[in-house]
$ cat data09.cif   # mmCIF, C-alpha atoms, pLDDT in the B column; chains and numbers go by the auth columns
data_run
#
loop_
_atom_site.group_PDB
_atom_site.id
_atom_site.type_symbol
_atom_site.label_atom_id
_atom_site.label_comp_id
_atom_site.label_asym_id
_atom_site.label_seq_id
_atom_site.Cartn_x
_atom_site.Cartn_y
_atom_site.Cartn_z
_atom_site.B_iso_or_equiv
_atom_site.auth_seq_id
_atom_site.auth_asym_id
ATOM 1 C CA MET A 1 -57.898 7.146 44.767 96.00 99 A
ATOM 2 C CA ASN A 2 -60.531 4.564 43.896 98.00 100 A
ATOM 3 C CA ILE A 3 -61.787 2.147 46.553 98.00 101 A
ATOM 4 C CA THR A 4 -64.908 0.059 47.042 98.00 102 A
ATOM 5 C CA ILE A 5 -67.197 0.584 50.022 97.00 103 A
ATOM 6 C CA ASN A 6 -69.986 -1.961 50.490 96.00 104 A
ATOM 7 C CA GLY A 7 -69.726 -2.907 46.824 96.00 105 A
ATOM 8 C CA GLU A 8 -69.869 0.688 45.546 96.00 106 A
ATOM 9 C CA LEU A 9 -66.882 2.182 43.738 97.00 107 A
ATOM 10 C CA LEU A 10 -65.906 5.529 45.265 96.00 108 A
ATOM 11 C CA ASN A 11 -63.153 8.058 44.676 97.00 109 A
ATOM 12 C CA VAL A 12 -61.719 9.357 47.940 96.00 110 A
ATOM 13 C CA THR A 13 -58.878 11.734 48.765 95.00 111 A
ATOM 14 C CA SER A 14 -57.922 10.405 52.198 95.00 112 A
ATOM 15 C CA HIS A 15 -55.879 7.293 52.960 97.00 113 A
ATOM 16 C CA ALA A 16 -57.051 7.191 56.603 97.00 114 A
ATOM 17 C CA LEU A 17 -59.699 4.547 57.311 97.00 115 A
ATOM 18 C CA LEU A 18 -61.260 6.555 60.123 93.00 116 A
ATOM 19 C CA GLU A 19 -61.644 9.655 57.947 95.00 117 A
ATOM 20 C CA ILE A 20 -63.103 7.669 55.046 95.00 118 A
ATOM 21 C CA VAL A 21 -65.663 6.017 57.324 93.00 119 A
ATOM 22 C CA LYS A 22 -66.655 9.410 58.756 91.00 120 A
ATOM 23 C CA ASN A 23 -67.025 10.864 55.249 91.00 121 A
ATOM 24 C CA VAL A 24 -69.510 8.170 54.203 90.00 122 A
ATOM 25 C CA ASP A 25 -71.666 8.965 57.252 85.00 123 A
ATOM 26 C CA ALA A 26 -71.529 5.479 58.756 85.00 124 A
ATOM 27 C CA MET A 27 -74.096 5.115 61.515 83.00 125 A
ATOM 28 C CA THR A 28 -72.784 3.677 64.776 87.00 126 A
ATOM 29 C CA PRO A 29 -72.549 0.962 65.824 90.00 127 A
ATOM 30 C CA TYR A 30 -70.737 -0.676 62.930 92.00 128 A
ATOM 31 C CA ALA A 31 -67.942 -3.140 62.248 95.00 129 A
ATOM 32 C CA VAL A 32 -65.315 -2.631 59.555 97.00 130 A
ATOM 33 C CA ALA A 33 -63.530 -5.106 57.308 98.00 131 A
ATOM 34 C CA VAL A 34 -60.788 -4.076 54.884 98.00 132 A
ATOM 35 C CA ASN A 35 -60.073 -6.522 52.063 98.00 133 A
ATOM 36 C CA GLY A 36 -62.006 -9.163 54.014 97.00 134 A
ATOM 37 C CA GLU A 37 -60.091 -8.671 57.276 97.00 135 A
ATOM 38 C CA PHE A 38 -61.990 -7.472 60.365 97.00 136 A
ATOM 39 C CA ILE A 39 -60.441 -4.304 61.807 97.00 137 A
ATOM 40 C CA PRO A 40 -61.040 -3.789 65.545 96.00 138 A
ATOM 41 C CA GLN A 41 -62.281 -0.323 66.467 93.00 139 A
ATOM 42 C CA SER A 42 -59.085 0.257 68.454 95.00 140 A
ATOM 43 C CA ARG A 43 -57.120 0.085 65.159 96.00 141 A
ATOM 44 C CA HIS A 44 -59.390 2.236 62.958 94.00 142 A
ATOM 45 C CA SER A 45 -57.234 5.341 63.417 94.00 143 A
ATOM 46 C CA HIS A 46 -54.055 3.439 62.448 96.00 144 A
ATOM 47 C CA VAL A 47 -55.201 1.732 59.241 97.00 145 A
ATOM 48 C CA VAL A 48 -54.055 3.149 55.903 97.00 146 A
ATOM 49 C CA ILE A 49 -56.246 2.519 52.864 98.00 147 A
ATOM 50 C CA ASN A 50 -54.656 2.043 49.433 98.00 148 A
ATOM 51 C CA GLU A 51 -55.849 2.261 45.831 98.00 149 A
ATOM 52 C CA GLY A 52 -58.217 -0.601 45.027 98.00 150 A
ATOM 53 C CA ASP A 53 -58.916 -1.593 48.629 98.00 151 A
ATOM 54 C CA SER A 54 -62.366 -2.844 49.579 98.00 152 A
ATOM 55 C CA ILE A 55 -64.095 -1.685 52.765 98.00 153 A
ATOM 56 C CA GLU A 56 -67.192 -3.325 54.196 97.00 154 A
ATOM 57 C CA LEU A 57 -69.211 -1.492 56.846 95.00 155 A
ATOM 58 C CA LEU A 58 -71.471 -3.856 58.727 92.00 156 A
ATOM 59 C CA SER A 59 -74.258 -2.713 61.023 85.00 157 A
ATOM 60 C CA PRO A 60 -76.139 -4.997 63.394 82.00 158 A
ATOM 61 C CA ILE A 61 -79.714 -5.780 62.412 79.00 159 A
ATOM 62 C CA GLN A 62 -82.639 -6.966 64.456 73.00 160 A
ATOM 63 C CA GLY A 63 -84.659 -9.877 63.380 74.00 161 A
ATOM 64 C CA GLY A 64 -86.378 -12.899 64.569 64.00 162 A
#

$ encode --input "data09.cif" --output "structure tokens"
Amino acid sequence: MNITINGELLNVTSHALLEIVKNVDAMTPYAVAVNGEFIPQSRHSHVVINEGDSIELLSPIQGG
């Protein structure tokens, strides 16, 4: 299935958000949005990803 992660088109075999995030080696801490909707960490294991969905992984940055 084709999805977009952080603007990059990827082909993945899993429909589970948590498994997809683990497979792209996301570095903790991070926040997740699917199709523009923030997904709380408590729901990551319950979210099903579908063909064409867009996932954004956001990591905090330091700056000043």

$ atom_distance --input "data09.cif" --atom1 "CA of Ser140 (chain A)" --atom2 "CA of Gly105 (chain A)"
24.3 Å

$ axis_aligned_box --input "data09.cif" --around "region 148-161 of chain A" --padding-each-side "5 Å" --output "JSON"
{"center_x": -69.7, "center_y": -3.8, "center_z": 54.7, "size_x": 40.0, "size_y": 22.1, "size_z": 29.4}

$ atom_distance --input "data09.cif" --atom1 "CA of Ala124 (chain A)" --atom2 "CA of Ser152 (chain A)"
15.4 Å

$ residues_around --input "data09.cif" --residues "Asn104 (chain A)" --least-positions-apart "3" --cutoff "8 Å" --atoms "only C-alpha atoms" --output "list in words"
Ser152, Ile153, Glu154 and Leu155 of chain A

$ closest_residue --input "data09.cif" --among "A:Val145, A:Ile137, A:Leu156, A:Val132" --to "Thr102 (chain A)" --atoms "all atoms listed in the file"
A:Val132

$ resolve_selection --input "data09.cif" --expression "the PyMOL selection byres ((chain A and resi 118) around 12)" --output "MDAnalysis selection string"
chainID A and resid 99:103 108:117 119:124 130 132 142:143 145:148 152:155

$ atom_distance --input "data09.cif" --atom1 "CA of Glu149 (chain A)" --atom2 "CA of Leu107 (chain A)"
11.2 Å

$ resolve_selection --input "data09.cif" --expression "the PyMOL selection byres ((chain A and resi 159) around 12)" --output "PyMOL selection string"
chain A and resi 126-128+156-158+160-162

$ build_atoms --input "data09.cif" --residues "region 119-146 of chain A" --atoms "N, CA and C atoms" --output "short mmCIF file (atom, residue, chain, number, x, y, z; two decimals), in the frame of the given file"
data_model
loop_
_atom_site.label_atom_id
_atom_site.label_comp_id
_atom_site.auth_asym_id
_atom_site.auth_seq_id
_atom_site.Cartn_x
_atom_site.Cartn_y
_atom_site.Cartn_z
N VAL A 119 -64.42 6.49 56.71
CA VAL A 119 -65.66 6.02 57.32
C VAL A 119 -66.52 7.20 57.77
N LYS A 120 -65.90 8.21 58.34
CA LYS A 120 -66.66 9.41 58.76
C LYS A 120 -67.27 10.12 57.55
N ASN A 121 -66.54 10.16 56.44
CA ASN A 121 -67.03 10.86 55.25
C ASN A 121 -68.19 10.16 54.57
N VAL A 122 -68.37 8.87 54.80
CA VAL A 122 -69.51 8.17 54.20
C VAL A 122 -70.68 8.11 55.17
N ASP A 123 -70.58 8.85 56.28
CA ASP A 123 -71.67 8.96 57.25
C ASP A 123 -72.13 7.62 57.80
N ALA A 124 -71.18 6.78 58.16
CA ALA A 124 -71.53 5.48 58.76
C ALA A 124 -72.24 5.71 60.09
N MET A 125 -73.32 4.99 60.28
CA MET A 125 -74.10 5.12 61.52
C MET A 125 -73.58 4.10 62.53
N THR A 126 -73.25 4.58 63.73
CA THR A 126 -72.78 3.68 64.78
C THR A 126 -73.97 2.91 65.35
N PRO A 127 -73.79 1.73 65.81
CA PRO A 127 -72.55 0.96 65.82
C PRO A 127 -72.33 0.28 64.48
N TYR A 128 -71.08 0.03 64.16
CA TYR A 128 -70.74 -0.68 62.93
C TYR A 128 -69.42 -1.41 63.13
N ALA A 129 -69.21 -2.42 62.29
CA ALA A 129 -67.94 -3.14 62.25
C ALA A 129 -67.33 -2.86 60.88
N VAL A 130 -66.02 -2.94 60.80
CA VAL A 130 -65.32 -2.63 59.56
C VAL A 130 -64.42 -3.81 59.16
N ALA A 131 -64.46 -4.14 57.88
CA ALA A 131 -63.53 -5.11 57.31
C ALA A 131 -62.86 -4.43 56.12
N VAL A 132 -61.55 -4.60 56.02
CA VAL A 132 -60.79 -4.08 54.88
C VAL A 132 -60.19 -5.27 54.16
N ASN A 133 -60.53 -5.39 52.88
CA ASN A 133 -60.07 -6.52 52.06
C ASN A 133 -60.36 -7.86 52.75
N GLY A 134 -61.55 -7.93 53.39
CA GLY A 134 -62.01 -9.16 54.01
C GLY A 134 -61.48 -9.41 55.41
N GLU A 135 -60.65 -8.50 55.94
CA GLU A 135 -60.09 -8.67 57.28
C GLU A 135 -60.77 -7.72 58.25
N PHE A 136 -61.35 -8.29 59.33
CA PHE A 136 -61.99 -7.47 60.36
C PHE A 136 -60.95 -6.56 60.99
N ILE A 137 -61.32 -5.28 61.17
CA ILE A 137 -60.44 -4.30 61.81
C ILE A 137 -61.09 -3.88 63.12
N PRO A 138 -60.48 -4.21 64.26
CA PRO A 138 -61.04 -3.79 65.54
C PRO A 138 -61.11 -2.26 65.64
N GLN A 139 -62.10 -1.77 66.34
CA GLN A 139 -62.28 -0.32 66.47
C GLN A 139 -61.03 0.36 67.02
N SER A 140 -60.30 -0.31 67.88
CA SER A 140 -59.08 0.26 68.45
C SER A 140 -58.00 0.52 67.41
N ARG A 141 -58.11 -0.11 66.22
CA ARG A 141 -57.12 0.08 65.16
C ARG A 141 -57.60 0.99 64.03
N HIS A 142 -58.85 1.43 64.05
CA HIS A 142 -59.39 2.24 62.96
C HIS A 142 -58.52 3.45 62.64
N SER A 143 -58.01 4.12 63.66
CA SER A 143 -57.23 5.34 63.42
C SER A 143 -55.82 5.05 62.91
N HIS A 144 -55.41 3.79 62.88
CA HIS A 144 -54.06 3.44 62.45
C HIS A 144 -54.00 2.78 61.08
N VAL A 145 -55.16 2.48 60.49
CA VAL A 145 -55.20 1.73 59.24
C VAL A 145 -55.12 2.69 58.05
N VAL A 146 -54.23 2.37 57.12
CA VAL A 146 -54.06 3.15 55.90
C VAL A 146 -54.72 2.39 54.76
#
